[in-house]
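Here the structure comes first, spelled out in structure tokens, and everything after it is commentary.
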Amino acid sequence: MQVRALMEAAGDLAAAGGHPVVEIMIPLTVSREELALARRWVEEAVAGALAEAAHSRSGRAKVATKARPELEVTIGTMIETPRAALRAADIAEEADFFSFGTNDLTQMTFGFSRDDVEGRMMSAYLELGLLPRNPFETVDADGVGELVRIGVSRGRSTRPGLKIGVCGEHGGDPASIAVFYQAGLDYVSCSPFRVPVARLAAAQAVLAGADDPPAGRSAKATPGKVGAKGTKRKS
């Protein structure tokens, strides 16, 4: 139902002269086989929606209609579990793009429930120096960050041009954005009100890393290379 609605909306926009970017992201993937199955379901839904739209247009007898251009659809996955990061090379065989869901990845890496730990325990962890920062506000560069770096490296070992980003409130945190840039991510996604800060932090990360670019990225990268997207979704 969601895929059908998405394709109908994209088709209407394309027919009106727009250029929709259709990216369908499957959450909480843990294996290549699981993503392959989910991808097949999505592809069947996309094909069905397109066929239904074509049939609807052909059924309008003697009514001139503007042909809809072909829609390009990419299907990717969120990397939200440690296993998915470690098996990213396999998962990339079925994915057109990755997006790290760092909130869930943080919960699963630490074994924390965010609702419980922030309400009852996080202040003690910080006061006693057990953690330098709240890892749900600024990404844990050594633990979660290492899983991100592993996922990026292994995913691109299968697909060198794999587009990879991050989805969630870490994407609006300047210190986290610096970690993501060094890991080789292409974009960050965060709540709309955090986009101005994210754009500035992304530009600063690129400039700071100009002399020591992350693997796979040119030293000539410009501040616009790492983009910031606004979204209401939180990983």
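Following the order of the structure tokens, first chain is A, next is B, and so on, with residues numbered from 1 inside each chain and ligands from 1 in the order they appear.
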**Request:** List every residue of stretch 133-183 of chain A that DSSP, applied to the backbone, labels as alpha helix (DSSP H), and write the result as a PyMOL selection string.
**Result:** chain A and resi 144-158+174-183
Contact check, stretch 121-153 of chain A to stretch 98-115 of chain A, at most 8 Å, counting only C-alpha atoms, closest pairs as CSV:
```
residue,atom,partner,partner_atom,distance
A:Pro135,CA,A:Thr106,CA,7.1
A:Phe136,CA,A:Asn103,CA,6.4
A:Val139,CA,A:Thr102,CA,7.7
A:Asp140,CA,A:Thr106,CA,7.8
A:Gly143,CA,A:Thr109,CA,7.5
A:Val144,CA,A:Thr106,CA,6.1
A:Val148,CA,A:Phe100,CA,7.4
```
I'd like the interatomic distance between atom CA of A:Val30 and atom CA of A:Ile150, to a tenth of an Å.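 These two atoms are separated by 15.0 Å.
Per DSSP on the backbone, strand (DSSP E) in stretch 34-118 of chain A comprises Val73, Thr74, Ile75, Gly76, Thr77, Met78, Ile79, Phe97, Phe98, Ser99, Phe100 and Gly101 of chain A.
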Quick one: residues within 12 Å of A:Pro160, only C-alpha atoms, excluding same-chain residues fewer than 2 positions away - as a PyMOL selection string? chain A and resi 89+92-93+96-97+152-158+162-164+184+215-217
Written selection (N, CA and C atoms) as a compact mmCIF listing (two decimals), in the first residue's frame:
```
# COMPACT_ATOMS: atom_id res chain seq x y z
N ALA A 89 29.03 -6.10 3.29
CA ALA A 89 29.47 -6.53 1.96
C ALA A 89 28.42 -7.41 1.29
N ALA A 92 25.10 -5.32 0.61
CA ALA A 92 25.25 -4.38 -0.51
C ALA A 92 24.95 -5.03 -1.86
N GLU A 93 24.99 -6.35 -1.93
CA GLU A 93 24.65 -7.02 -3.18
C GLU A 93 23.21 -6.75 -3.59
N ASP A 96 20.76 -0.57 -3.28
CA ASP A 96 21.23 0.53 -4.11
C ASP A 96 21.84 1.64 -3.26
N PHE A 97 21.50 1.67 -1.98
CA PHE A 97 22.08 2.66 -1.08
C PHE A 97 21.93 2.16 0.36
N VAL A 152 30.69 1.06 5.95
CA VAL A 152 31.01 1.82 4.74
C VAL A 152 32.06 1.08 3.92
N SER A 153 33.13 0.67 4.58
CA SER A 153 34.23 -0.01 3.88
C SER A 153 33.76 -1.31 3.23
N ARG A 154 33.02 -2.10 3.97
CA ARG A 154 32.60 -3.40 3.43
C ARG A 154 31.51 -3.24 2.38
N GLY A 155 30.60 -2.29 2.59
CA GLY A 155 29.56 -2.06 1.59
C GLY A 155 30.15 -1.63 0.26
N ARG A 156 31.12 -0.73 0.32
CA ARG A 156 31.73 -0.23 -0.92
C ARG A 156 32.74 -1.20 -1.51
N SER A 157 33.13 -2.20 -0.74
CA SER A 157 33.98 -3.24 -1.34
C SER A 157 33.16 -4.06 -2.34
N THR A 158 31.85 -4.10 -2.14
CA THR A 158 30.95 -4.79 -3.08
C THR A 158 30.46 -3.84 -4.15
N LEU A 162 28.48 2.98 -3.95
CA LEU A 162 27.32 2.92 -3.07
C LEU A 162 27.11 4.25 -2.34
N LYS A 163 25.90 4.81 -2.48
CA LYS A 163 25.57 6.04 -1.75
C LYS A 163 25.22 5.67 -0.32
N ILE A 164 25.85 6.37 0.63
CA ILE A 164 25.66 6.03 2.04
C ILE A 164 25.44 7.30 2.85
N GLY A 184 33.34 8.56 5.53
CA GLY A 184 33.10 8.49 4.09
C GLY A 184 31.65 8.58 3.68
N ALA A 215 39.12 7.85 3.17
CA ALA A 215 39.37 6.93 2.07
C ALA A 215 38.25 6.99 1.04
N GLY A 216 38.63 7.05 -0.23
CA GLY A 216 37.64 7.04 -1.29
C GLY A 216 37.08 8.40 -1.63
N ARG A 217 37.56 9.46 -0.95
CA ARG A 217 37.04 10.79 -1.24
C ARG A 217 38.19 11.70 -1.64
```
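With atom CA of A:Gln204 on one side and atom CA of A:Leu131 on the other, the separation reads 25.6 Å.
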| To one decimal place, how far is atom CA of A:Ile26 from atom CA of A:Gly11 in Å? |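 Value for the atom CA of A:Ile26-atom CA of A:Gly11 distance: 21.1 Å.
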Judged by only C-alpha atoms, the minimum distance to A:Cys190 among A:Ala15, A:Leu35, A:Cys167, A:Val3 is found for A:Cys167
In terms of only C-alpha atoms, the residue from A:Val22, A:Val117, A:Leu128, A:Val197 at minimal distance from A:Ala10 is A:Val22
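Omitting A:Gly165 and its sequence neighbours fewer than 2 positions away, and counting only C-alpha atoms, the residues within 6 Å are A:Ser99, A:Leu185, A:Asp186, A:Tyr187, A:Val188.
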Given the selection you just returned, output its residues as a file containing N, CA, C and O atoms, formatted as an mmCIF file, in the first residue's frame.
```
data_model
loop_
_atom_site.group_PDB
_atom_site.id
_atom_site.type_symbol
_atom_site.label_atom_id
_atom_site.label_comp_id
_atom_site.auth_asym_id
_atom_site.auth_seq_id
_atom_site.Cartn_x
_atom_site.Cartn_y
_atom_site.Cartn_z
ATOM 1 N N SER A 99 21.572 3.636 4.517
ATOM 2 C CA SER A 99 21.404 4.749 5.448
ATOM 3 C C SER A 99 21.555 4.180 6.850
ATOM 4 O O SER A 99 20.815 3.281 7.245
ATOM 5 N N LEU A 185 30.771 9.041 4.594
ATOM 6 C CA LEU A 185 29.356 9.153 4.242
ATOM 7 C C LEU A 185 29.117 10.296 3.261
ATOM 8 O O LEU A 185 29.863 11.278 3.228
ATOM 9 N N ASP A 186 28.051 10.169 2.469
ATOM 10 C CA ASP A 186 27.721 11.157 1.448
ATOM 11 C C ASP A 186 26.759 12.230 1.933
ATOM 12 O O ASP A 186 26.747 13.335 1.396
ATOM 13 N N TYR A 187 25.917 11.901 2.904
ATOM 14 C CA TYR A 187 24.928 12.881 3.361
ATOM 15 C C TYR A 187 24.474 12.547 4.774
ATOM 16 O O TYR A 187 24.684 11.434 5.275
ATOM 17 N N VAL A 188 23.883 13.527 5.425
ATOM 18 C CA VAL A 188 23.231 13.307 6.708
ATOM 19 C C VAL A 188 21.783 13.749 6.578
ATOM 20 O O VAL A 188 21.451 14.615 5.773
#
```
Of A:Glu146, A:Glu94, A:Asp173, A:Glu52, the one sitting nearest A:Pro82 when using only C-alpha atoms is A:Glu146
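Minimum atom-to-atom distances from A:Gly171, A:Gly151, A:Gly48, A:Gly18 to A:Ile91 were compared using only C-alpha atoms, and the lowest value belongs to A:Gly151.
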Which neighbours of A:Arg32 fall inside 12 Å, counting only C-alpha atoms, when residues of the same chain fewer than 3 positions from it are skipped, and could you give them as a list of chain:residue names?
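Residues near the query, excluding close chain neighbours: A:Leu28, A:Thr29, A:Leu35, A:Ala36, A:Leu37, A:Ala38, A:Arg39, A:Gly76, A:Thr77, A:Ile79, A:Arg83, A:Ala84, A:Ala85, A:Leu86, A:Arg87, A:Ala88, A:Ala89, A:Asp90, A:Ile91, A:Ala92, A:Glu93, A:Glu94, A:Ala95, A:Gly155.
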Keeping N, CA, C and O atoms for every residue in the selection just given, could you write it to a file as a compact mmCIF listing (two decimals), in the first residue's frame?
```txt
# COMPACT_ATOMS: atom_id res chain seq x y z
N LEU A 28 15.83 -2.07 9.26
CA LEU A 28 16.22 -3.19 10.13
C LEU A 28 16.60 -4.48 9.40
O LEU A 28 16.28 -5.58 9.84
N THR A 29 17.30 -4.34 8.31
CA THR A 29 17.80 -5.52 7.59
C THR A 29 18.94 -6.16 8.39
O THR A 29 19.78 -5.46 8.94
N LEU A 35 17.05 -8.94 2.85
CA LEU A 35 16.88 -7.79 1.97
C LEU A 35 16.45 -8.22 0.58
O LEU A 35 15.63 -7.55 -0.07
N ALA A 36 16.98 -9.34 0.09
CA ALA A 36 16.59 -9.83 -1.23
C ALA A 36 15.09 -10.12 -1.28
O ALA A 36 14.41 -9.80 -2.26
N LEU A 37 14.57 -10.72 -0.21
CA LEU A 37 13.14 -11.02 -0.15
C LEU A 37 12.32 -9.73 -0.11
O LEU A 37 11.35 -9.57 -0.87
N ALA A 38 12.70 -8.82 0.77
CA ALA A 38 11.97 -7.56 0.87
C ALA A 38 12.07 -6.76 -0.42
O ALA A 38 11.10 -6.13 -0.85
N ARG A 39 13.24 -6.79 -1.05
CA ARG A 39 13.40 -6.07 -2.31
C ARG A 39 12.47 -6.64 -3.37
O ARG A 39 11.88 -5.90 -4.16
N GLY A 76 16.99 0.71 -1.18
CA GLY A 76 18.12 0.55 -0.27
C GLY A 76 17.67 0.05 1.08
O GLY A 76 16.53 -0.38 1.26
N THR A 77 18.56 0.14 2.05
CA THR A 77 18.23 -0.36 3.38
C THR A 77 18.87 0.49 4.45
O THR A 77 19.88 1.16 4.22
N ILE A 79 20.93 0.52 7.88
CA ILE A 79 21.87 -0.31 8.64
C ILE A 79 21.71 0.10 10.10
O ILE A 79 22.21 1.14 10.53
N ARG A 83 25.05 -6.48 13.36
CA ARG A 83 25.23 -7.53 12.38
C ARG A 83 25.17 -6.99 10.96
O ARG A 83 25.94 -7.41 10.09
N ALA A 84 24.24 -6.08 10.72
CA ALA A 84 24.12 -5.51 9.37
C ALA A 84 25.39 -4.76 9.00
O ALA A 84 25.85 -4.84 7.85
N ALA A 85 25.98 -4.03 9.94
CA ALA A 85 27.22 -3.31 9.66
C ALA A 85 28.35 -4.28 9.34
O ALA A 85 29.15 -4.07 8.42
N LEU A 86 28.41 -5.36 10.11
CA LEU A 86 29.47 -6.34 9.89
C LEU A 86 29.29 -7.13 8.61
O LEU A 86 30.25 -7.56 7.98
N ARG A 87 28.05 -7.32 8.17
CA ARG A 87 27.75 -8.09 6.96
C ARG A 87 27.40 -7.16 5.79
O ARG A 87 26.73 -7.58 4.84
N ALA A 88 27.88 -5.95 5.85
CA ALA A 88 27.52 -4.96 4.83
C ALA A 88 27.95 -5.36 3.43
O ALA A 88 27.29 -5.00 2.45
N ALA A 89 29.03 -6.10 3.29
CA ALA A 89 29.47 -6.53 1.96
C ALA A 89 28.42 -7.41 1.29
O ALA A 89 28.14 -7.28 0.10
N ASP A 90 27.84 -8.31 2.08
CA ASP A 90 26.79 -9.19 1.54
C ASP A 90 25.51 -8.39 1.26
O ASP A 90 24.89 -8.54 0.21
N ILE A 91 25.12 -7.55 2.21
CA ILE A 91 23.87 -6.80 2.08
C ILE A 91 23.93 -5.85 0.89
O ILE A 91 22.92 -5.63 0.21
N ALA A 92 25.10 -5.32 0.61
CA ALA A 92 25.25 -4.38 -0.51
C ALA A 92 24.95 -5.03 -1.86
O ALA A 92 24.68 -4.32 -2.84
N GLU A 93 24.99 -6.35 -1.93
CA GLU A 93 24.65 -7.02 -3.18
C GLU A 93 23.21 -6.75 -3.59
O GLU A 93 22.87 -6.80 -4.78
N GLU A 94 22.35 -6.46 -2.62
CA GLU A 94 20.93 -6.26 -2.89
C GLU A 94 20.48 -4.81 -2.66
O GLU A 94 19.30 -4.51 -2.79
N ALA A 95 21.40 -3.93 -2.30
CA ALA A 95 21.04 -2.56 -1.93
C ALA A 95 21.60 -1.55 -2.92
O ALA A 95 22.76 -1.64 -3.32
N GLY A 155 30.60 -2.29 2.59
CA GLY A 155 29.56 -2.06 1.59
C GLY A 155 30.15 -1.63 0.26
O GLY A 155 29.77 -2.14 -0.80
```
Worksheet item: Looking at A:Ala141, A:Gly161, A:Met122, A:Ile177, which one is nearest to A:Ala208, with distances taken over only C-alpha atoms?
Response: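 Looking at the shortest contact to A:Ala208, the residue is A:Ile177.
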